[in-house]
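Visitor: For reference, the structure I am asking about is given below.
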Amino acid sequence: MNVADRKQTVYHLGPVRLWLVPGIFVIIGLFFGTLPVFDPGVPDNSKTMAFIAGIVMLVFAAVMYLILRRTRLVLSAEGVSLYQFGYTLETDWENVAALNDYSGEEGLILHHSMDCPGAKKLSDKRYAEIRGANLFNDEQIQLIAEHRLIPLNAFSYSLKKGKLRDDLVQRAPALSNE
């Protein structure tokens, strides 16, 4: 076991994923918060409501940032752990079978099902959609149903532009053959 295997490496969301949603709410919050200043003809009760809406948006942006900041991928000697809002996925390195690095489909495919509560929670939400589009493709949905996928698409920036790929290959025996 080399030194890299003993230390823990933590990956956070890429900068675009981390800042996009909170940034949008900051812009909206600033717009509503400053709207009464730029339009003096607005009635006082509307000024108050706009200011309160601005404050609410800024608070929501801060909460979203804190939630997204806690999302992390931890690589340790014992295995890999994905901490998302509401669930955690964990498995040891011997269970990692392959790395899917196709854009939008990034993930670790496992030999056997994960035995953690987070796998059940993710499985229950595998058909999640945004504006009618599934978050996962059919193969990913099947692997999630079997508790055999750790999705890494939130970490695609580190996978493609950082050292995540090298760290995974170095730690997971099955990935060194790919």
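For the structure tokens, the naming scheme is as follows: chains receive sequential letters (A, B, ...) according to their order of presentation, residues are indexed from 1 within each chain, and ligands are indexed from 1 in presentation order.
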Could you pull the residues within 8 Å of A:His12, counting only C-alpha atoms, minus those fewer than 3 positions along the same chain, as a list of chain:residue names?

Guide: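 So, after excluding close chain neighbours, the residues are A:Arg69, A:Arg70, A:Thr71, A:Arg72, A:Leu73, A:Phe155.
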
Visitor: Just asking: which residues within stretch 103-140 of chain A are strand (DSSP E or B) according to DSSP, as a list in words?

Guide: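 Here is the list: Gly107, Leu108, Ile109, Leu110, Glu129, Ile130, Ala133 and Asn134 of chain A.
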
Visitor: How many Å separate atom CA of A:Leu68 from atom CA of A:Val26?

Guide: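 Interatomic distance here is 15.0 Å.
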
Visitor: Using DSSP on the backbone, list every residue of stretch 8-140 of chain A that comes out as helix (DSSP H, G or I), and give them as an NGL selection string.

Guide: :A and (15-38 or 44-70 or 93-95 or 117-124 or 138-140)

Visitor: Could you list, as a list of chain:residue names, every residue within 10 Å of A:Met57, counting only C-alpha atoms and ignoring same-chain residues fewer than 4 positions away?

Guide: A:Pro22, A:Ile24, A:Phe25, A:Val26, A:Ile27, A:Ile28, A:Gly29, A:Leu30, A:Phe31, A:Phe32, A:Gly33, A:Phe51, A:Ile52, A:Ala53, A:Ala61, A:Ala62, A:Val63

Visitor: Using N, CA, C and O atoms, can you write the selected residues to a file as a CSV table (one decimal), in the first residue's frame?

Guide:
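Ended up saving to out-v6.csv:
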```csv
chain,number,residue,atom,x,y,z
A,22,PRO,N,-27.0,29.2,-6.6
A,22,PRO,CA,-27.0,30.3,-5.7
A,22,PRO,C,-26.8,31.6,-6.4
A,22,PRO,O,-27.4,32.6,-6.0
A,24,ILE,N,-27.8,32.6,-9.3
A,24,ILE,CA,-29.1,33.1,-9.9
A,24,ILE,C,-30.0,33.7,-8.8
A,24,ILE,O,-30.6,34.7,-9.0
A,25,PHE,N,-30.0,33.1,-7.7
A,25,PHE,CA,-30.9,33.6,-6.6
A,25,PHE,C,-30.3,34.9,-6.0
A,25,PHE,O,-31.0,35.7,-5.6
A,26,VAL,N,-29.0,35.0,-6.0
A,26,VAL,CA,-28.4,36.3,-5.6
A,26,VAL,C,-28.8,37.4,-6.5
A,26,VAL,O,-29.2,38.5,-6.1
A,27,ILE,N,-28.7,37.1,-7.8
A,27,ILE,CA,-29.1,38.2,-8.8
A,27,ILE,C,-30.5,38.6,-8.6
A,27,ILE,O,-30.9,39.8,-8.6
A,28,ILE,N,-31.4,37.6,-8.5
A,28,ILE,CA,-32.8,37.9,-8.3
A,28,ILE,C,-33.0,38.6,-7.0
A,28,ILE,O,-33.8,39.6,-7.0
A,29,GLY,N,-32.4,38.2,-6.0
A,29,GLY,CA,-32.5,38.9,-4.7
A,29,GLY,C,-32.0,40.3,-4.7
A,29,GLY,O,-32.7,41.2,-4.2
A,30,LEU,N,-30.9,40.6,-5.4
A,30,LEU,CA,-30.4,41.9,-5.5
A,30,LEU,C,-31.4,42.8,-6.4
A,30,LEU,O,-31.6,44.0,-6.1
A,31,PHE,N,-31.9,42.2,-7.4
A,31,PHE,CA,-32.9,42.9,-8.2
A,31,PHE,C,-34.1,43.3,-7.4
A,31,PHE,O,-34.5,44.5,-7.4
A,32,PHE,N,-34.7,42.4,-6.7
A,32,PHE,CA,-35.9,42.7,-5.9
A,32,PHE,C,-35.5,43.7,-4.7
A,32,PHE,O,-36.3,44.6,-4.4
A,33,GLY,N,-34.4,43.5,-4.1
A,33,GLY,CA,-34.0,44.3,-3.0
A,33,GLY,C,-33.7,45.7,-3.4
A,33,GLY,O,-33.9,46.7,-2.6
A,51,PHE,N,-38.5,44.4,-1.1
A,51,PHE,CA,-37.3,44.3,-0.2
A,51,PHE,C,-37.3,43.0,0.5
A,51,PHE,O,-36.3,42.3,0.6
A,52,ILE,N,-38.5,42.6,1.0
A,52,ILE,CA,-38.6,41.3,1.7
A,52,ILE,C,-38.3,40.1,0.8
A,52,ILE,O,-37.6,39.2,1.1
A,53,ALA,N,-38.9,40.2,-0.4
A,53,ALA,CA,-38.6,39.2,-1.4
A,53,ALA,C,-37.1,39.1,-1.8
A,53,ALA,O,-36.6,38.0,-1.9
A,61,ALA,N,-30.4,31.7,-1.4
A,61,ALA,CA,-29.1,31.5,-2.1
A,61,ALA,C,-28.1,31.0,-1.1
A,61,ALA,O,-27.3,30.0,-1.5
A,62,ALA,N,-28.1,31.5,0.1
A,62,ALA,CA,-27.1,31.1,1.1
A,62,ALA,C,-27.3,29.6,1.5
A,62,ALA,O,-26.4,28.8,1.6
A,63,VAL,N,-28.6,29.3,1.7
A,63,VAL,CA,-29.0,27.9,2.0
A,63,VAL,C,-28.6,26.9,0.9
A,63,VAL,O,-28.0,25.9,1.1
```

Visitor: Compile the contact shell of A:Ile109 as a PDB file with N, CA, C and O atoms, in the first residue's frame: residues with an atom at most 10 Å away, counting only C-alpha atoms, same-chain residues fewer than 2 positions apart removed.

Guide:
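And here is the file that came out, part.pdb:
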```
ATOM      1  N   ASN A  95     -15.155  -3.611  -4.704  1.00  0.00           N
ATOM      2  CA  ASN A  95     -16.476  -3.689  -5.321  1.00  0.00           C
ATOM      3  C   ASN A  95     -16.577  -2.840  -6.595  1.00  0.00           C
ATOM      4  O   ASN A  95     -17.522  -2.984  -7.362  1.00  0.00           O
ATOM      5  N   VAL A  96     -15.626  -1.959  -6.846  1.00  0.00           N
ATOM      6  CA  VAL A  96     -15.671  -1.099  -8.031  1.00  0.00           C
ATOM      7  C   VAL A  96     -15.274  -1.915  -9.256  1.00  0.00           C
ATOM      8  O   VAL A  96     -14.181  -2.471  -9.319  1.00  0.00           O
ATOM      9  N   ALA A  97     -16.184  -1.974 -10.241  1.00  0.00           N
ATOM     10  CA  ALA A  97     -15.947  -2.776 -11.442  1.00  0.00           C
ATOM     11  C   ALA A  97     -15.485  -1.933 -12.622  1.00  0.00           C
ATOM     12  O   ALA A  97     -14.622  -2.356 -13.394  1.00  0.00           O
ATOM     13  N   ALA A  98     -16.068  -0.734 -12.780  1.00  0.00           N
ATOM     14  CA  ALA A  98     -15.744   0.076 -13.955  1.00  0.00           C
ATOM     15  C   ALA A  98     -16.060   1.540 -13.676  1.00  0.00           C
ATOM     16  O   ALA A  98     -16.820   1.873 -12.761  1.00  0.00           O
ATOM     17  N   LEU A  99     -15.484   2.386 -14.513  1.00  0.00           N
ATOM     18  CA  LEU A  99     -15.744   3.826 -14.474  1.00  0.00           C
ATOM     19  C   LEU A  99     -16.391   4.219 -15.788  1.00  0.00           C
ATOM     20  O   LEU A  99     -15.817   4.022 -16.861  1.00  0.00           O
ATOM     21  N   ASN A 100     -17.603   4.739 -15.717  1.00  0.00           N
ATOM     22  CA  ASN A 100     -18.267   5.274 -16.904  1.00  0.00           C
ATOM     23  C   ASN A 100     -17.933   6.757 -16.942  1.00  0.00           C
ATOM     24  O   ASN A 100     -18.295   7.503 -16.043  1.00  0.00           O
ATOM     25  N   GLU A 106     -21.418  10.021 -16.034  1.00  0.00           N
ATOM     26  CA  GLU A 106     -20.279   9.634 -15.201  1.00  0.00           C
ATOM     27  C   GLU A 106     -20.732   8.881 -13.958  1.00  0.00           C
ATOM     28  O   GLU A 106     -21.715   9.262 -13.318  1.00  0.00           O
ATOM     29  N   GLY A 107     -20.007   7.804 -13.650  1.00  0.00           N
ATOM     30  CA  GLY A 107     -20.327   7.041 -12.459  1.00  0.00           C
ATOM     31  C   GLY A 107     -19.439   5.830 -12.288  1.00  0.00           C
ATOM     32  O   GLY A 107     -18.773   5.390 -13.223  1.00  0.00           O
ATOM     33  N   HIS A 111     -19.495  -4.202  -8.800  1.00  0.00           N
ATOM     34  CA  HIS A 111     -19.711  -5.643  -8.986  1.00  0.00           C
ATOM     35  C   HIS A 111     -20.984  -6.103  -8.271  1.00  0.00           C
ATOM     36  O   HIS A 111     -21.775  -6.861  -8.820  1.00  0.00           O
ATOM     37  N   HIS A 112     -21.137  -5.663  -7.018  1.00  0.00           N
ATOM     38  CA  HIS A 112     -22.226  -6.125  -6.157  1.00  0.00           C
ATOM     39  C   HIS A 112     -22.997  -4.937  -5.608  1.00  0.00           C
ATOM     40  O   HIS A 112     -22.493  -3.824  -5.562  1.00  0.00           O
ATOM     41  N   SER A 113     -24.197  -5.201  -5.136  1.00  0.00           N
ATOM     42  CA  SER A 113     -25.036  -4.147  -4.558  1.00  0.00           C
ATOM     43  C   SER A 113     -24.393  -3.522  -3.334  1.00  0.00           C
ATOM     44  O   SER A 113     -23.747  -4.214  -2.540  1.00  0.00           O
ATOM     45  N   GLN A 140     -28.347   3.447 -16.399  1.00  0.00           N
ATOM     46  CA  GLN A 140     -28.118   3.959 -15.051  1.00  0.00           C
ATOM     47  C   GLN A 140     -29.297   3.639 -14.134  1.00  0.00           C
ATOM     48  O   GLN A 140     -29.100   3.274 -12.977  1.00  0.00           O
ATOM     49  N   LEU A 143     -28.942   0.067 -13.064  1.00  0.00           N
ATOM     50  CA  LEU A 143     -27.859  -0.094 -12.083  1.00  0.00           C
ATOM     51  C   LEU A 143     -28.248   0.496 -10.726  1.00  0.00           C
ATOM     52  O   LEU A 143     -27.929  -0.082  -9.678  1.00  0.00           O
ATOM     53  N   ILE A 144     -28.943   1.630 -10.732  1.00  0.00           N
ATOM     54  CA  ILE A 144     -29.390   2.232  -9.471  1.00  0.00           C
ATOM     55  C   ILE A 144     -30.412   1.325  -8.794  1.00  0.00           C
ATOM     56  O   ILE A 144     -30.381   1.152  -7.568  1.00  0.00           O
ATOM     57  N   HIS A 147     -28.671  -1.155  -6.971  1.00  0.00           N
ATOM     58  CA  HIS A 147     -27.753  -0.546  -5.988  1.00  0.00           C
ATOM     59  C   HIS A 147     -26.293  -0.728  -6.412  1.00  0.00           C
ATOM     60  O   HIS A 147     -25.417  -0.923  -5.577  1.00  0.00           O
ATOM     61  N   ARG A 148     -26.041  -0.620  -7.733  1.00  0.00           N
ATOM     62  CA  ARG A 148     -24.712  -0.871  -8.272  1.00  0.00           C
ATOM     63  C   ARG A 148     -24.116   0.327  -9.009  1.00  0.00           C
ATOM     64  O   ARG A 148     -23.234   0.166  -9.841  1.00  0.00           O
ATOM     65  N   LEU A 149     -24.589   1.537  -8.706  1.00  0.00           N
ATOM     66  CA  LEU A 149     -24.050   2.722  -9.355  1.00  0.00           C
ATOM     67  C   LEU A 149     -23.824   3.828  -8.333  1.00  0.00           C
ATOM     68  O   LEU A 149     -24.714   4.122  -7.530  1.00  0.00           O
ATOM     69  N   ILE A 150     -22.636   4.412  -8.384  1.00  0.00           N
ATOM     70  CA  ILE A 150     -22.357   5.638  -7.642  1.00  0.00           C
ATOM     71  C   ILE A 150     -22.232   6.740  -8.694  1.00  0.00           C
ATOM     72  O   ILE A 150     -21.238   6.794  -9.417  1.00  0.00           O
ATOM     73  N   PRO A 151     -23.264   7.586  -8.827  1.00  0.00           N
ATOM     74  CA  PRO A 151     -23.218   8.621  -9.858  1.00  0.00           C
ATOM     75  C   PRO A 151     -22.138   9.663  -9.554  1.00  0.00           C
ATOM     76  O   PRO A 151     -22.025  10.149  -8.434  1.00  0.00           O
TER      77      PRO A 151
END
```
